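The file start-v4.cif comes next; it holds mmCIF, C-alpha atoms and all ligand atoms.
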data_data
loop_
_atom_site.label_atom_id
_atom_site.label_comp_id
_atom_site.auth_asym_id
_atom_site.auth_seq_id
_atom_site.Cartn_x
_atom_site.Cartn_y
_atom_site.Cartn_z
CA GLU A 1 -41.38 -62.33 -128.15
CA GLN A 2 -43.32 -65.59 -127.68
CA HIS A 3 -43.51 -64.95 -123.96
CA MET A 4 -44.96 -61.51 -124.40
CA MET A 5 -47.68 -62.76 -126.68
CA GLU A 6 -48.64 -65.39 -124.12
CA SER A 7 -48.96 -62.91 -121.27
CA GLU A 8 -50.90 -60.52 -123.46
CA LYS A 9 -53.34 -63.28 -124.24
CA LEU A 10 -53.76 -63.98 -120.54
CA SER A 11 -54.52 -60.40 -119.76
CA VAL A 12 -57.20 -60.31 -122.45
CA THR A 13 -58.81 -63.40 -120.95
CA GLY A 14 -58.57 -61.88 -117.49
CA GLN A 15 -60.10 -58.68 -118.78
CA LEU A 16 -62.92 -60.61 -120.39
CA ALA A 17 -63.60 -62.64 -117.24
CA ALA A 18 -63.70 -59.51 -115.09
CA GLY A 19 -66.04 -57.89 -117.59
CA ILE A 20 -68.39 -60.85 -117.66
CA ALA A 21 -68.48 -61.09 -113.88
CA HIS A 22 -69.23 -57.40 -113.62
CA GLU A 23 -71.92 -57.35 -116.31
CA ILE A 24 -73.70 -60.35 -114.84
CA ARG A 25 -73.44 -59.20 -111.24
CA ASN A 26 -75.57 -56.10 -111.85
CA PRO A 27 -78.68 -57.89 -113.12
CA LEU A 28 -78.16 -60.62 -110.49
CA THR A 29 -78.09 -58.06 -107.68
CA SER A 30 -81.23 -56.51 -109.05
CA LEU A 31 -82.94 -59.91 -109.36
CA LYS A 32 -82.09 -60.70 -105.75
CA GLY A 33 -83.44 -57.35 -104.62
CA PHE A 34 -86.73 -57.83 -106.39
CA LEU A 35 -87.09 -61.34 -104.98
CA GLN A 36 -86.83 -59.81 -101.50
CA LEU A 37 -89.39 -57.17 -102.42
CA LEU A 38 -91.77 -59.82 -103.74
CA LYS A 39 -91.77 -61.49 -100.36
CA MET A 40 -92.99 -58.31 -98.70
CA ASP A 41 -95.06 -56.54 -101.31
CA ASN A 42 -97.71 -58.43 -103.20
CA ASP A 43 -99.42 -55.41 -104.76
CA HIS A 44 -96.70 -54.75 -107.33
CA ARG A 45 -96.00 -58.32 -108.39
CA ASP A 46 -96.57 -57.65 -112.10
CA ASP A 47 -94.19 -54.67 -112.17
CA PHE A 48 -91.55 -56.66 -110.32
CA PHE A 49 -91.92 -59.60 -112.69
CA LYS A 50 -91.50 -57.33 -115.69
CA ILE A 51 -88.25 -55.90 -114.34
CA MET A 52 -87.00 -59.32 -113.33
CA GLU A 53 -87.71 -60.67 -116.78
CA SER A 54 -85.71 -57.87 -118.41
CA GLU A 55 -82.80 -58.48 -116.01
CA LEU A 56 -82.85 -62.16 -116.95
CA THR A 57 -82.86 -61.17 -120.64
CA LYS A 58 -79.69 -59.12 -120.06
CA ILE A 59 -77.91 -62.18 -118.70
CA GLU A 60 -79.30 -64.31 -121.51
CA THR A 61 -78.04 -61.83 -124.15
CA ILE A 62 -74.54 -61.75 -122.67
CA SER A 63 -74.36 -65.52 -122.55
CA ASN A 64 -75.62 -65.85 -126.15
CA GLU A 65 -73.08 -63.32 -127.41
CA LEU A 66 -70.25 -65.10 -125.62
CA MET A 67 -71.16 -68.44 -127.19
CA VAL A 68 -69.41 -67.33 -130.40
CA LEU A 69 -66.10 -67.42 -128.57
CA ALA A 70 -66.45 -71.19 -128.64
CA LYS A 71 -64.89 -73.05 -131.55
CA PRO A 72 -66.92 -72.79 -134.73
CA LYS A 73 -68.70 -75.95 -135.76
CA GLN A 74 -67.55 -76.44 -139.35
CA THR A 75 -70.57 -78.69 -139.83
CA ASP A 76 -72.80 -75.61 -139.76
CA PHE A 77 -70.95 -74.08 -142.70
CA LYS A 78 -72.93 -74.11 -145.95
CA PHE A 79 -73.16 -72.07 -149.14
CA HIS A 80 -75.43 -69.08 -148.75
CA ARG A 81 -76.42 -66.29 -151.08
CA LEU A 82 -75.02 -63.17 -149.43
CA GLN A 83 -77.77 -60.89 -150.69
CA SER A 84 -80.47 -63.12 -149.17
CA LEU A 85 -78.79 -63.09 -145.76
CA LEU A 86 -78.70 -59.28 -145.81
CA GLU A 87 -82.25 -58.92 -147.11
CA HIS A 88 -83.46 -61.09 -144.25
CA VAL A 89 -81.66 -59.00 -141.62
CA ILE A 90 -82.86 -55.71 -143.14
CA MET A 91 -86.41 -57.06 -143.06
CA LEU A 92 -86.03 -57.87 -139.36
CA LEU A 93 -84.97 -54.27 -138.68
CA ASP A 94 -87.58 -52.66 -140.90
CA SER A 95 -90.02 -51.59 -138.19
CA GLU A 96 -87.23 -50.51 -135.85
CA ALA A 97 -85.81 -48.27 -138.59
CA PHE A 98 -89.27 -46.95 -139.45
CA ARG A 99 -89.95 -46.02 -135.82
CA HIS A 100 -86.80 -43.88 -135.83
CA SER A 101 -87.47 -42.36 -139.29
CA ILE A 102 -84.40 -44.05 -140.67
CA LYS A 103 -84.26 -45.08 -144.30
CA ILE A 104 -82.27 -48.19 -145.17
CA GLU A 105 -81.09 -48.00 -148.79
CA GLN A 106 -79.95 -51.19 -150.48
CA GLU A 107 -77.50 -51.45 -153.36
CA LEU A 108 -77.06 -55.18 -153.74
CA THR A 109 -75.30 -56.28 -156.87
CA GLU A 110 -77.55 -58.41 -159.09
CA GLU A 111 -75.14 -61.26 -159.64
CA SER A 112 -75.69 -63.77 -156.80
CA LEU A 113 -72.67 -63.88 -154.51
CA TYR A 114 -72.13 -67.05 -152.49
CA VAL A 115 -70.30 -67.25 -149.19
CA TYR A 116 -69.48 -70.41 -147.25
CA CYS A 117 -70.56 -69.75 -143.69
CA ASP A 118 -72.76 -70.45 -140.71
CA ASP A 119 -75.76 -68.36 -141.79
CA THR A 120 -77.02 -67.72 -138.25
CA LYS A 121 -73.69 -66.25 -137.21
CA CYS A 122 -73.29 -64.29 -140.42
CA LYS A 123 -76.72 -62.74 -139.93
CA GLN A 124 -75.79 -61.91 -136.34
CA VAL A 125 -72.86 -59.86 -137.67
CA PHE A 126 -75.05 -57.89 -140.08
CA LEU A 127 -77.69 -57.44 -137.38
CA ASN A 128 -75.19 -56.11 -134.82
CA ILE A 129 -73.63 -53.68 -137.30
CA LEU A 130 -76.98 -52.42 -138.62
CA LYS A 131 -78.31 -52.04 -135.06
CA ASN A 132 -75.26 -49.95 -134.19
CA ALA A 133 -75.93 -47.80 -137.26
CA ILE A 134 -79.53 -47.23 -136.16
CA GLU A 135 -78.40 -46.40 -132.63
CA ALA A 136 -75.76 -44.00 -133.98
CA ILE A 137 -78.43 -42.09 -135.89
CA GLU A 138 -81.05 -42.19 -133.12
CA GLN A 139 -83.64 -40.27 -135.17
CA ASP A 140 -83.95 -39.22 -138.83
CA GLY A 141 -81.23 -40.47 -141.05
CA LYS A 142 -80.03 -42.83 -143.70
CA ILE A 143 -78.22 -46.13 -143.78
CA ASN A 144 -76.77 -47.38 -147.05
CA VAL A 145 -76.06 -51.08 -147.47
CA LYS A 146 -73.92 -52.11 -150.42
CA VAL A 147 -72.92 -55.57 -151.54
CA PHE A 148 -70.51 -56.05 -154.41
CA LYS A 149 -67.76 -58.24 -155.76
CA GLU A 150 -64.36 -56.65 -155.23
CA ASP A 151 -62.44 -59.29 -157.18
CA GLU A 152 -62.80 -62.98 -158.07
CA HIS A 153 -62.22 -63.99 -154.45
CA THR A 154 -63.77 -61.26 -152.35
CA ALA A 155 -67.26 -60.09 -151.51
CA VAL A 156 -67.68 -56.71 -149.84
CA ILE A 157 -70.51 -55.64 -147.57
CA GLU A 158 -70.52 -51.94 -146.82
CA VAL A 159 -72.77 -50.43 -144.15
CA LYS A 160 -72.70 -46.64 -144.15
CA ASP A 161 -74.64 -44.44 -141.72
CA ASN A 162 -74.94 -40.69 -141.26
CA GLY A 163 -75.01 -40.98 -137.47
CA CYS A 164 -72.87 -39.56 -134.67
CA GLY A 165 -69.57 -41.00 -135.91
CA ILE A 166 -66.68 -42.21 -133.77
CA PRO A 167 -63.88 -40.00 -132.35
CA LYS A 168 -60.47 -41.08 -133.65
CA HIS A 169 -59.07 -41.97 -130.21
CA LEU A 170 -61.92 -44.44 -129.63
CA LEU A 171 -61.63 -46.23 -132.97
CA LYS A 172 -59.02 -48.71 -131.71
CA LYS A 173 -61.17 -49.62 -128.70
CA LEU A 174 -64.05 -50.83 -130.84
CA GLY A 175 -64.43 -54.57 -130.54
CA SER A 176 -62.76 -54.85 -127.11
CA PRO A 177 -65.09 -56.74 -124.83
CA PHE A 178 -67.51 -54.50 -122.91
CA PHE A 179 -66.35 -51.28 -124.57
CA THR A 180 -69.49 -49.20 -124.98
CA THR A 181 -70.41 -45.52 -125.08
CA LYS A 182 -74.11 -46.28 -124.64
CA LYS A 183 -76.18 -46.21 -121.46
CA THR A 184 -77.83 -49.51 -122.28
CA GLY A 185 -75.08 -51.10 -124.39
CA ASN A 186 -73.14 -54.17 -123.31
CA GLY A 187 -70.17 -53.61 -125.61
CA LEU A 188 -70.14 -57.16 -126.91
CA GLY A 189 -71.68 -56.65 -130.36
CA LEU A 190 -68.53 -55.73 -132.27
CA MET A 191 -66.33 -58.21 -130.45
CA VAL A 192 -68.76 -60.89 -131.58
CA CYS A 193 -68.66 -59.51 -135.15
CA TYR A 194 -64.84 -59.56 -135.27
CA LYS A 195 -64.75 -63.10 -133.88
CA ILE A 196 -67.32 -64.46 -136.36
CA ILE A 197 -65.78 -62.75 -139.38
CA GLU A 198 -62.35 -63.99 -138.35
CA GLN A 199 -63.77 -67.53 -138.12
CA GLN A 200 -64.96 -67.14 -141.73
CA ASN A 201 -61.56 -65.84 -142.89
CA GLY A 202 -62.85 -62.37 -143.57
CA SER A 203 -62.05 -58.91 -142.24
CA ILE A 204 -63.77 -55.79 -140.92
CA SER A 205 -62.56 -52.24 -141.33
CA ILE A 206 -64.05 -48.99 -140.07
CA GLU A 207 -63.95 -45.45 -141.35
CA SER A 208 -65.60 -42.72 -139.37
CA GLU A 209 -65.94 -38.98 -139.09
CA PRO A 210 -67.43 -37.52 -135.90
CA ASN A 211 -70.79 -35.82 -136.57
CA GLU A 212 -70.82 -37.11 -140.15
CA GLY A 213 -71.10 -40.86 -139.88
CA SER A 214 -69.39 -44.19 -140.13
CA THR A 215 -68.76 -46.90 -142.69
CA PHE A 216 -68.24 -50.52 -141.68
CA THR A 217 -66.70 -52.62 -144.44
CA ILE A 218 -66.77 -56.41 -144.23
CA ARG A 219 -64.81 -58.59 -146.64
CA LEU A 220 -65.66 -62.27 -147.02
CA PRO A 221 -64.13 -64.96 -149.21
CA LEU A 222 -66.29 -65.51 -152.24
CA TYR A 223 -67.25 -68.89 -153.67
CA MET A 224 -68.21 -69.29 -157.28
CA ALA A 225 -71.48 -71.11 -157.90
P1 LIG A 301 -72.84 -51.62 -127.88
O1 LIG A 301 -73.66 -51.43 -129.14
O2 LIG A 301 -73.52 -52.51 -126.89
O3 LIG A 301 -72.36 -50.33 -127.30
P2 LIG A 301 -70.87 -52.64 -129.71
O4 LIG A 301 -69.73 -53.57 -129.54
O5 LIG A 301 -71.90 -53.03 -130.71
O6 LIG A 301 -71.51 -52.45 -128.29
O7 LIG A 301 -70.30 -51.21 -130.10
C1 LIG A 301 -69.30 -50.64 -129.28
C2 LIG A 301 -69.24 -49.13 -129.45
O8 LIG A 301 -68.78 -48.79 -130.76
C3 LIG A 301 -70.57 -48.42 -129.32
O9 LIG A 301 -70.92 -48.20 -127.97
C4 LIG A 301 -70.30 -47.12 -130.08
O10 LIG A 301 -69.61 -46.20 -129.27
C5 LIG A 301 -69.35 -47.57 -131.17
N1 LIG A 301 -70.04 -47.78 -132.46
C6 LIG A 301 -70.28 -48.95 -133.06
N2 LIG A 301 -70.90 -48.78 -134.25
C7 LIG A 301 -71.05 -47.45 -134.41
C8 LIG A 301 -71.61 -46.60 -135.44
N3 LIG A 301 -72.16 -47.11 -136.55
N4 LIG A 301 -71.55 -45.27 -135.25
C9 LIG A 301 -70.98 -44.74 -134.15
N5 LIG A 301 -70.45 -45.47 -133.13
C10 LIG A 301 -70.47 -46.80 -133.27
MG MG A 302 -74.06 -52.86 -130.58
#
Can you give me the file's structure in the form of structure tokens?
Ligand code: ADP
Ligand code: MG
Amino acid sequence: EQHMMESEKLSVTGQLAAGIAHEIRNPLTSLKGFLQLLKMDNDHRDDFFKIMESELTKIETISNELMVLAKPKQTDFKFHRLQSLLEHVIMLLDSEAFRHSIKIEQELTEESLYVYCDDTKCKQVFLNILKNAIEAIEQDGKINVKVFKEDEHTAVIEVKDNGCGIPKHLLKKLGSPFFTTKKTGNGLGLMVCYKIIEQQNGSISIESEPNEGSTFTIRLPLYMA
């Protein structure tokens, strides 16, 4: 039993390492190629630089996402008002949603709910999940964000979209490193979300219906003010 768990763990690490190597090799190959081109062709410098910058950003994004796999620094944990964290993230996505004719509805309970967390990481979770919702809708749709107190100890954040939904057989793959169905996705967003929420002793569950939409439900321990 113990032995099996150990070897399973190894294979996940191996899988992750292979994924990282693969995801970083592509932009590196491209960077190398454009460096060669730059040596020969000086007329298109600005175009080349633009592409090179975006390839570097890809590597930067992957490395930032993977940082959460490191041990959480408890020193960064503080009390934060859950509604304020969400309002901030929704504000950041406002223009993105507007550009895609997506309405983000908010139903945040009035009573202030406090969670004990690293606010940057918590906001990254909400950002990743809301971004996925926007990408699932693509154009014209609605996202509903609810925050409420489930019981004395639990806060619930519910993000519901009317996007493409997720086929049942893919549900269990969500959150595995590098699993993506998108052309430009890196498949790290949900893995990062699961890791962060686990570090804060919470949980994430997903309900989805293909062609109807998905609901991501996050539960976090609640602290009374
Ligand atoms: P990425 O967004 O880079 O693809 P994620 O880890 O954020 O990586 O998501 C993994 C996959 O989960 C997505 O490619 C998509 O197939 C699926 N997914 C996540 N959120 C949603 C959603 N709200 N609606 C439909 N599919 C989703
Ligand atoms: Mg994503």
For CA of Phe34 in chain A and CA of Phe48 in chain A, quote the distance in Å rounded to one decimal. 6.3 Å
Hey, which residues sit close to ligand LIG 301 (chain A)? Say within 6 Å, counting only C-alpha atoms and all ligand atoms, and write them as number ranges by chain. A: 132-133, 136, 163-166, 174-175, 179-182, 185-191, 214
Report the centre and edge lengths, in Å to one decimal, of an axis-aligned box enclosing every atom of range 36-53 of chain A listed in the file, padded by 5 Å on each side, as AutoDock Vina command-line options.
--center_x -93.1 --center_y -58.1 --center_z -107.7 --size_x 22.6 --size_y 16.8 --size_z 28.1
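Here CA of Phe98 in chain A and CA of Ile59 in chain A stand 28.1 Å from one another.
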In Å to one decimal, how far is CA of Lys195 in chain A from CA of Ser112 in chain A? 25.4 Å
Quick one: residues within 12 Å of Glu23 in chain A, only C-alpha atoms counted, chain neighbours fewer than 5 positions away excluded, as JSON, numbers by chain? {"A": [16, 17, 18, 28, 29, 30, 55, 56, 58, 59, 60, 61, 62, 63, 177, 178, 179, 184, 185, 186, 187, 188]}
Go through A:Arg25, A:Lys146, A:His44, A:Lys172 one by one, measure the shortest atom-to-atom distance of each to Gln106 in chain A using all atoms listed in the file, and give the residue with the smallest value. A:Lys146
Residue with smallest distance to ligand MG 302 (chain A) - pool A:Gln139, A:Asn128, A:Gln83, A:Thr217, counting all atoms listed in the file: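 Looking only at the distances to ligand MG 302 (chain A), the closest residue turns out to be A:Asn128.
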Which one is closest to ligand MG 302 (chain A): A:Val192, A:Ile204, A:Leu85, A:Ile104? Count only C-alpha atoms and all ligand atoms. A:Val192
